[in-house]
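Take a look at the structure set out below.
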Amino acid sequence: MTEMEKVYNPSELEKRIYADWEQGGYFAPSGAEKAFSLVIPPPNVTGALHMGHALDETLQDILVRWHRMLGDSTLWVPGTDHAGIATQNVVEKKLAAEGRSRHDYGREKFIEEVWSWKKRYGDRITGQLRLLGASCDWSRERFTMDDGCSRAVREVFVGLYQKGLIFKGLRIINWCPRCHTALSDVEVNYRDNAGKLWHLRYPLAGDSKRFLIVATTRPETLFGDTAVAVHPEDERYRDLIGQEALLPLTDKKIPIIADEYADREFGSGAVKITPAHDANDYEVGRRHALPSVTVLDASGIMNENAPMRYKGLTREKARDLVISDLEEAKLLHSIQDYQNKLSVCYRCDTVVEPRLSPQWFVDMPRLAAPAVEAVRSGKIKFYPERWSKVYFDWMENIREWCISRQIWWGHRIPVWYCECGEIICAKETPAVCPKCGSDRLRQDEDVLDTWFSSALWPFSTLGWPQKTADLKKYYPTSALVTGYDIITFWVSRMIALGLAFMKKPPFHKVVIHGLIRDEQGKKMSKSTGNAVDPVELIREYGADALRFTLASMASAGGQDLKLSAHKVLASRNFMNKLWNVARFALLKLADNRFAPEKSLADEWILSRYQQIINKTTDALQKFYFGEMAQGLYDFVWSEFCDWYIEMSKLGLHKETLLAVLNGILRLLHPLAPFITEELWGRLGNAGRIINASWPAADIRLINKSRETRMAIVIELVKAVRNIRSEMNIAPGKKADLIVLYSKDAVNEALTEAKTYIQQLAGVEKIDLAARLAAKPRNSSHAVLDGAEVFVPLDNLIDLQAEIARLEKEKQKYEDEISWLKKKLTNKNFIEKAPPEVIDKEREKEKNCAEKYRIVDEQLKALKIS
RNA sequence: GGGCUUGUAGCUCAGCCGGUUAGAGCGCUCGCUUCACAUGCGAGAGGUCCACGGUUCGAAUCCGUGCAAGCCCACCA
């Protein structure tokens, strides 16, 4: 055993210990029968660790370390996501800084560029996971675009295609004019927008003096209008149905049609129909066989279908010009302020354009049914349970999932087109067309939604489609730990595809936690500058402190977590406390003078320790991380350090100290792996704590009578300390104690614990008596449960201070008694409350009354003197 | 428009199945170089548990309504 440094220095030891674990192969599963497995929600490969990851990974690592200590064959699969659009955007931005675009490179070269980017930054986030202490099995590290995952993607695609569950279709999809790609419904965010509703006048073709007023938020799309719709039962327009209107600013005529989609209550009741630029209008267009005219190109620029004057303008510029032109033409009826929502791209925040285009879709409505059933039947459970509602709401209203993206970085769609018209969907690149034999095949240009490969993650990472040993042993995984924000993106799709291809759900438990917010409760983001960097916090306070903080904030309800450096500081202080108590233990153990027998303090702490084992284990089973952390914090600081250690200074029982201290280290290890490993070693334990066994409570050591006795001692010490402090007894000055007891338990407790009291309360002489000839004069006074305590003061007592103290005390008892009296004289209470409750209240009343009597007596005596 | 969550000490929160003198951390006040720790020790101050109803012998805890805050979902131009 070496002497410990006085200062706890996390950064040095954390680095050393992680390397030791990794080199020692401690993260790989060992051969036990029972399996526990997690797959990491893969962070973006070129990203940096943010607070959300830190929380997610901490919670997973807690479970993993706990199960490893339980002796399970524990596997945590790490990996990263290629993050199609996000990564491509980052690389494009870099190229743009050099004045180039991806088109200057061409597809092949550009992808090479992204791969080299990936190689350069791919290690950053995994390195940061190591800093956090994540004990994942790095030998099994995966990437969503590695060979295995890519093979799984093709296998699933082809499988779904053959069943008709993947198909290509012409739809209005969400199009990001900046990313130049389609997006799925979940990739669109909504933003409140203080916009305008423009009321336009469309002249009638038959009578250009008459107008139809249509209301729109998107006047620039009017060039794509191919009809105006009114409600079929709208009396105002009945005569116009079948006639034509003149499209303003053009020489086009468009039909006036009847469709129930037109809302009579809204605006004038007539609505312009732009099938190519609005999903609803598209449906109307289909019902009425209207043509679709696209007026905006892929970048959101007006194209040749708009009059020359507008061609080449952005959406925004075109809108302004259209409005001013309409005004000039006296075709603008009115403008109204209008609150609506803008759809924006979740990657770049650009306003999304509904766009008609051919895309690939997964038939989610068909795949969703078994996925809903799995949760409904309880095969998969959400923790907390309420999140299953979000899941159901999503899955039961699920729509087709648009999976094709018009970007280059990603899994290329495994579909080839032959000149002969044949479409070939295959796992491997076909050499020739099976129909005509031509070798001139052209692969589909699109890549798949990033979330497509993520959806396969629980089984692709375990080796599927190969029948690997890992797959057999570790699928289904034991749990999924993630934030509620990706239930729709990820959880739902993993469940659906896991069931479709593995016939078993990918996990049985979904542990949902809240999102990290700043001190004000705002979302952390780089752009607002309120993001706290976990790596910075680790550097400053240590990974253990950060982990402990995150875990203790993860409440059972899964609320969002407001993080501040203050909290991490408090956790760091706790680690420091732990460090020092171990230091104390080492000093004492080197001393080599031990008490031969267990004392009251030993029996008490052993009893308390058994209970904290159970409490910690319980909390873990329920995924109550906050409760786990809080419980251990209180036990270690307020019981073990404040009382047991202080008492053990009078005579240390070596076995007890070591048992409890080592137990604490093991219980804390999942939360604070580094310091516990370090101290475990310093205390001379064999092996590593990372694979030490999880403590099991020995209920024979739970001893309530010793706990009761200790409670008496603590109560007395606190009472004396209070007197010392309030009566200004100098800290170094020893006091005397006269205890007048009315319960034998007090006499026994104080007799047994005499030396503790002397030490902890700064007391010299203790006189215990069942009765006194006269109560001591010139003393400060306290009343306990079953005893009266006098602390004689050698200089004249400050009467006013003492009276004030006792008056306060008296008031407290008075309040409580009146409350209890009211209760106990309530007939209903006596008749209906359970007898044990009544007894308890009676007992309380008796005790209070007695204490009140004593304090009152003492006060009277003081006032006379 | 639908749904969810939250409202407890100055701040951040814990209080699960109703009976606690309503707790913790930070902050605050007072006193301490007590030989593990001033990243510490001891003692305190501070709360009509958002409001109003209801259920109950009994509610911070269950139910309803209202107010306030936040989030998610939804194709009304």
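Ordered as shown in the structure tokens, chains take letters A, B, and onward, while each chain numbers its residues from 1 and ligands are numbered from 1 in the order shown.
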
Counting only C-alpha atoms (C1' of nucleotides), collect the residues of chain B whose closest atom lies at most 10 Å from chain A, and write them out as a PyMOL selection string.
-> chain B and resi 3-6+11-14+16+19+21+24-26+30-32+34+36-37+39-44+57-58+70-73+75-77

Compile the contact shell of Pro695 in chain A as number ranges by chain: residues with an atom at most 8 Å away, counting only C-alpha atoms (C1' of nucleotides), same-chain residues fewer than 4 positions apart removed.
-> A: 613, 663, 666-667

Taking the chain letters and numbering used in this document, name the residues of range 591-673 of chain A that DSSP puts in alpha helix (DSSP H), as a PyMOL selection string.
-> chain A and resi 591+600-621+625-634+646-648+654-668+673

Just asking: which residues within range 294-367 of chain A are strand (DSSP E or B) according to DSSP, as a PyMOL selection string?
-> chain A and resi 296+301-302+314+332-345+351+353-362

Can you work out the spacing between C1' of G1 in chain B and CA of Ser343 in chain A in Å, to one decimal?
->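 Taking C1' of G1 in chain B and CA of Ser343 in chain A, their separation equals 17.8 Å.
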
Give the answer as one residue: which of A:Arg171, A:Arg399, A:Arg124, A:Lys34 has the shortest atom-to-atom distance to Ser478 in chain A, using only C-alpha atoms?
-> A:Lys34

Write out as a list in words each polymer residue whose atoms come within 10 Å of C28 in chain B, counting only C-alpha atoms (C1' of nucleotides); drop sequence neighbours fewer than 4 positions from it.
->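 Non-adjacent residues within range: G10, A45 and G46 of chain B.
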
May I have the selected residues written with all heavy atoms, as a PDB file, in the first residue's frame?
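Result file follows (out.pdb):
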ATOM      1  P     G B  10     -37.803  30.871  -1.387  1.00  0.00           P
ATOM      2  OP1   G B  10     -38.253  31.584  -0.191  1.00  0.00           O
ATOM      3  OP2   G B  10     -38.764  30.453  -2.450  1.00  0.00           O
ATOM      4  O5'   G B  10     -36.636  31.741  -2.027  1.00  0.00           O
ATOM      5  C5'   G B  10     -36.903  32.781  -2.963  1.00  0.00           C
ATOM      6  C4'   G B  10     -35.669  33.014  -3.775  1.00  0.00           C
ATOM      7  O4'   G B  10     -34.541  33.095  -2.875  1.00  0.00           O
ATOM      8  C3'   G B  10     -35.317  31.887  -4.737  1.00  0.00           C
ATOM      9  O3'   G B  10     -35.931  32.086  -5.983  1.00  0.00           O
ATOM     10  C2'   G B  10     -33.803  31.987  -4.836  1.00  0.00           C
ATOM     11  O2'   G B  10     -33.424  33.008  -5.723  1.00  0.00           O
ATOM     12  C1'   G B  10     -33.425  32.393  -3.411  1.00  0.00           C
ATOM     13  N9    G B  10     -33.133  31.251  -2.542  1.00  0.00           N
ATOM     14  C8    G B  10     -33.786  30.919  -1.385  1.00  0.00           C
ATOM     15  N7    G B  10     -33.304  29.840  -0.811  1.00  0.00           N
ATOM     16  C5    G B  10     -32.277  29.441  -1.644  1.00  0.00           C
ATOM     17  C6    G B  10     -31.405  28.334  -1.540  1.00  0.00           C
ATOM     18  O6    G B  10     -31.357  27.466  -0.661  1.00  0.00           O
ATOM     19  N1    G B  10     -30.514  28.291  -2.597  1.00  0.00           N
ATOM     20  C2    G B  10     -30.477  29.194  -3.620  1.00  0.00           C
ATOM     21  N2    G B  10     -29.542  28.963  -4.555  1.00  0.00           N
ATOM     22  N3    G B  10     -31.289  30.228  -3.738  1.00  0.00           N
ATOM     23  C4    G B  10     -32.159  30.299  -2.715  1.00  0.00           C
ATOM     24  P     A B  45     -33.364  27.200  12.375  1.00  0.00           P
ATOM     25  OP1   A B  45     -34.388  27.312  13.439  1.00  0.00           O
ATOM     26  OP2   A B  45     -33.265  25.973  11.561  1.00  0.00           O
ATOM     27  O5'   A B  45     -33.516  28.464  11.417  1.00  0.00           O
ATOM     28  C5'   A B  45     -33.389  29.778  11.944  1.00  0.00           C
ATOM     29  C4'   A B  45     -33.226  30.755  10.814  1.00  0.00           C
ATOM     30  O4'   A B  45     -31.957  30.503  10.154  1.00  0.00           O
ATOM     31  C3'   A B  45     -34.250  30.600   9.695  1.00  0.00           C
ATOM     32  O3'   A B  45     -35.443  31.298  10.015  1.00  0.00           O
ATOM     33  C2'   A B  45     -33.522  31.236   8.519  1.00  0.00           C
ATOM     34  O2'   A B  45     -33.566  32.645   8.562  1.00  0.00           O
ATOM     35  C1'   A B  45     -32.081  30.783   8.767  1.00  0.00           C
ATOM     36  N9    A B  45     -31.722  29.574   8.023  1.00  0.00           N
ATOM     37  C8    A B  45     -31.644  28.285   8.470  1.00  0.00           C
ATOM     38  N7    A B  45     -31.261  27.416   7.560  1.00  0.00           N
ATOM     39  C5    A B  45     -31.076  28.193   6.434  1.00  0.00           C
ATOM     40  C6    A B  45     -30.668  27.884   5.126  1.00  0.00           C
ATOM     41  N6    A B  45     -30.357  26.654   4.726  1.00  0.00           N
ATOM     42  N1    A B  45     -30.590  28.888   4.224  1.00  0.00           N
ATOM     43  C2    A B  45     -30.909  30.143   4.637  1.00  0.00           C
ATOM     44  N3    A B  45     -31.304  30.557   5.843  1.00  0.00           N
ATOM     45  C4    A B  45     -31.360  29.527   6.700  1.00  0.00           C
ATOM     46  P     G B  46     -36.840  30.594   9.719  1.00  0.00           P
ATOM     47  OP1   G B  46     -37.909  31.508  10.176  1.00  0.00           O
ATOM     48  OP2   G B  46     -36.807  29.195  10.204  1.00  0.00           O
ATOM     49  O5'   G B  46     -36.859  30.553   8.126  1.00  0.00           O
ATOM     50  C5'   G B  46     -36.876  31.770   7.371  1.00  0.00           C
ATOM     51  C4'   G B  46     -36.662  31.434   5.923  1.00  0.00           C
ATOM     52  O4'   G B  46     -35.369  30.799   5.766  1.00  0.00           O
ATOM     53  C3'   G B  46     -37.651  30.406   5.367  1.00  0.00           C
ATOM     54  O3'   G B  46     -38.829  31.047   4.918  1.00  0.00           O
ATOM     55  C2'   G B  46     -36.864  29.813   4.192  1.00  0.00           C
ATOM     56  O2'   G B  46     -36.923  30.641   3.060  1.00  0.00           O
ATOM     57  C1'   G B  46     -35.428  29.818   4.755  1.00  0.00           C
ATOM     58  N9    G B  46     -35.080  28.515   5.331  1.00  0.00           N
ATOM     59  C8    G B  46     -35.391  28.040   6.572  1.00  0.00           C
ATOM     60  N7    G B  46     -34.939  26.836   6.804  1.00  0.00           N
ATOM     61  C5    G B  46     -34.280  26.494   5.627  1.00  0.00           C
ATOM     62  C6    G B  46     -33.591  25.307   5.281  1.00  0.00           C
ATOM     63  O6    G B  46     -33.415  24.293   5.956  1.00  0.00           O
ATOM     64  N1    G B  46     -33.078  25.380   3.987  1.00  0.00           N
ATOM     65  C2    G B  46     -33.220  26.453   3.153  1.00  0.00           C
ATOM     66  N2    G B  46     -32.665  26.335   1.944  1.00  0.00           N
ATOM     67  N3    G B  46     -33.851  27.578   3.462  1.00  0.00           N
ATOM     68  C4    G B  46     -34.356  27.523   4.707  1.00  0.00           C
TER      69        G B  46
END

I'd like the contact shell of C62 in chain B - 10 Å cut-off, only C-alpha atoms (C1' of nucleotides), skipping same-chain residues fewer than 4 positions apart - returned as a short mmCIF file (atom, residue, chain, number, x, y, z; two decimals) with all heavy atoms, in the first residue's frame.
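What follows is the written file result_16.cif:
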data_model
loop_
_atom_site.label_atom_id
_atom_site.label_comp_id
_atom_site.auth_asym_id
_atom_site.auth_seq_id
_atom_site.Cartn_x
_atom_site.Cartn_y
_atom_site.Cartn_z
P G B 18 -51.62 5.57 -1.95
OP1 G B 18 -52.06 4.90 -0.71
OP2 G B 18 -52.47 6.49 -2.66
"O5'" G B 18 -50.26 6.43 -1.77
"C5'" G B 18 -49.60 6.68 -0.61
"C4'" G B 18 -50.10 7.95 0.08
"O4'" G B 18 -51.39 8.31 -0.42
"C3'" G B 18 -50.33 7.71 1.56
"O3'" G B 18 -49.09 7.78 2.29
"C2'" G B 18 -51.36 8.81 1.93
"O2'" G B 18 -50.74 10.05 2.22
"C1'" G B 18 -52.11 8.97 0.60
N9 G B 18 -53.51 8.55 0.59
C8 G B 18 -54.04 7.38 0.09
N7 G B 18 -55.34 7.32 0.16
C5 G B 18 -55.72 8.54 0.74
C6 G B 18 -57.00 9.06 1.06
O6 G B 18 -58.09 8.54 0.87
N1 G B 18 -56.90 10.31 1.66
C2 G B 18 -55.73 10.98 1.90
N2 G B 18 -55.84 12.15 2.49
N3 G B 18 -54.54 10.51 1.59
C4 G B 18 -54.59 9.30 1.02
P U B 55 -66.56 15.28 -1.53
OP1 U B 55 -67.93 14.77 -1.31
OP2 U B 55 -65.89 16.11 -0.49
"O5'" U B 55 -65.61 14.03 -1.85
"C5'" U B 55 -66.01 13.06 -2.80
"C4'" U B 55 -64.95 11.98 -2.92
"O4'" U B 55 -63.74 12.56 -3.47
"C3'" U B 55 -64.50 11.40 -1.59
"O3'" U B 55 -65.39 10.38 -1.13
"C2'" U B 55 -63.13 10.84 -1.96
"O2'" U B 55 -63.23 9.63 -2.66
"C1'" U B 55 -62.61 11.94 -2.90
N1 U B 55 -61.82 12.96 -2.18
C2 U B 55 -60.50 12.65 -1.90
O2 U B 55 -59.97 11.61 -2.23
N3 U B 55 -59.81 13.64 -1.23
C4 U B 55 -60.30 14.86 -0.82
O4 U B 55 -59.55 15.64 -0.23
C5 U B 55 -61.67 15.09 -1.14
C6 U B 55 -62.36 14.16 -1.79
P U B 56 -65.94 10.49 0.37
OP1 U B 56 -66.90 9.38 0.53
OP2 U B 56 -66.35 11.88 0.69
"O5'" U B 56 -64.63 10.16 1.21
"C5'" U B 56 -63.98 8.90 1.05
"C4'" U B 56 -62.67 8.93 1.78
"O4'" U B 56 -61.80 9.90 1.17
"C3'" U B 56 -62.74 9.38 3.23
"O3'" U B 56 -63.17 8.34 4.08
"C2'" U B 56 -61.29 9.79 3.48
"O2'" U B 56 -60.48 8.66 3.69
"C1'" U B 56 -60.92 10.44 2.13
N1 U B 56 -61.09 11.92 2.17
C2 U B 56 -59.99 12.68 2.51
O2 U B 56 -58.91 12.18 2.76
N3 U B 56 -60.20 14.03 2.56
C4 U B 56 -61.37 14.69 2.31
O4 U B 56 -61.41 15.91 2.39
C5 U B 56 -62.48 13.84 1.97
C6 U B 56 -62.30 12.51 1.92
#

For Arg366 in chain A, list every protein, DNA or RNA residue within 12 Å, evaluated using only C-alpha atoms (C1' of nucleotides), and leave out those in the same chain fewer than 4 positions away; present the list as a ChimeraX atom specification.
-> /A:160,163-166,362,370-372,395-401,496-497,500

Quick one: residues within 9 Å of Thr274 in chain A, only C-alpha atoms (C1' of nucleotides) counted, chain neighbours fewer than 5 positions away excluded, as a PyMOL selection string?
-> chain A and resi 221-228+279-282+285+292-294

Same residues, N, CA, C and O atoms, saved as a short mmCIF file (atom, residue, chain, number, x, y, z; two decimals), in the first residue's frame:
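The file below, again-v7.cif, is the result:
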data_model
loop_
_atom_site.label_atom_id
_atom_site.label_comp_id
_atom_site.auth_asym_id
_atom_site.auth_seq_id
_atom_site.Cartn_x
_atom_site.Cartn_y
_atom_site.Cartn_z
N THR A 221 -46.31 30.37 -56.20
CA THR A 221 -46.57 29.09 -56.86
C THR A 221 -47.76 29.18 -57.81
O THR A 221 -48.14 28.18 -58.41
N LEU A 222 -48.34 30.36 -57.97
CA LEU A 222 -49.57 30.42 -58.76
C LEU A 222 -49.35 29.99 -60.21
O LEU A 222 -50.27 29.51 -60.87
N PHE A 223 -48.12 30.14 -60.66
CA PHE A 223 -47.82 29.71 -62.05
C PHE A 223 -47.95 28.20 -62.21
O PHE A 223 -48.02 27.70 -63.31
N GLY A 224 -47.97 27.53 -61.09
CA GLY A 224 -48.15 26.07 -61.15
C GLY A 224 -49.60 25.68 -60.90
O GLY A 224 -49.94 24.50 -60.85
N ASP A 225 -50.48 26.66 -60.74
CA ASP A 225 -51.89 26.34 -60.52
C ASP A 225 -52.47 25.67 -61.76
O ASP A 225 -52.23 26.13 -62.88
N THR A 226 -53.23 24.63 -61.55
CA THR A 226 -53.89 24.02 -62.70
C THR A 226 -55.39 23.93 -62.48
O THR A 226 -56.11 23.32 -63.25
N ALA A 227 -55.86 24.55 -61.40
CA ALA A 227 -57.30 24.63 -61.17
C ALA A 227 -57.55 25.56 -59.99
O ALA A 227 -56.64 25.91 -59.25
N VAL A 228 -58.82 25.96 -59.86
CA VAL A 228 -59.29 26.56 -58.62
C VAL A 228 -60.41 25.67 -58.14
O VAL A 228 -61.27 25.26 -58.94
N ALA A 279 -48.96 18.93 -51.13
CA ALA A 279 -49.40 17.54 -51.02
C ALA A 279 -50.90 17.41 -51.16
O ALA A 279 -51.40 16.49 -51.80
N ASN A 280 -51.65 18.33 -50.54
CA ASN A 280 -53.11 18.26 -50.65
C ASN A 280 -53.56 18.52 -52.07
O ASN A 280 -54.44 17.84 -52.59
N ASP A 281 -52.95 19.53 -52.66
CA ASP A 281 -53.32 19.88 -54.03
C ASP A 281 -53.02 18.73 -54.97
O ASP A 281 -53.73 18.50 -55.96
N TYR A 282 -51.96 18.01 -54.66
CA TYR A 282 -51.60 16.87 -55.49
C TYR A 282 -52.73 15.83 -55.48
O TYR A 282 -53.11 15.30 -56.52
N GLY A 285 -55.51 17.08 -57.46
CA GLY A 285 -55.13 16.95 -58.86
C GLY A 285 -55.35 15.54 -59.37
O GLY A 285 -55.83 15.34 -60.49
N SER A 292 -49.79 18.46 -63.55
CA SER A 292 -48.94 19.04 -62.53
C SER A 292 -47.89 19.89 -63.20
O SER A 292 -47.18 19.43 -64.08
N VAL A 293 -47.81 21.14 -62.81
CA VAL A 293 -46.81 22.03 -63.40
C VAL A 293 -45.82 22.44 -62.32
O VAL A 293 -46.20 23.06 -61.33
N THR A 294 -44.58 22.02 -62.52
CA THR A 294 -43.54 22.35 -61.55
C THR A 294 -42.95 23.70 -61.90
O THR A 294 -42.52 23.90 -63.03
#
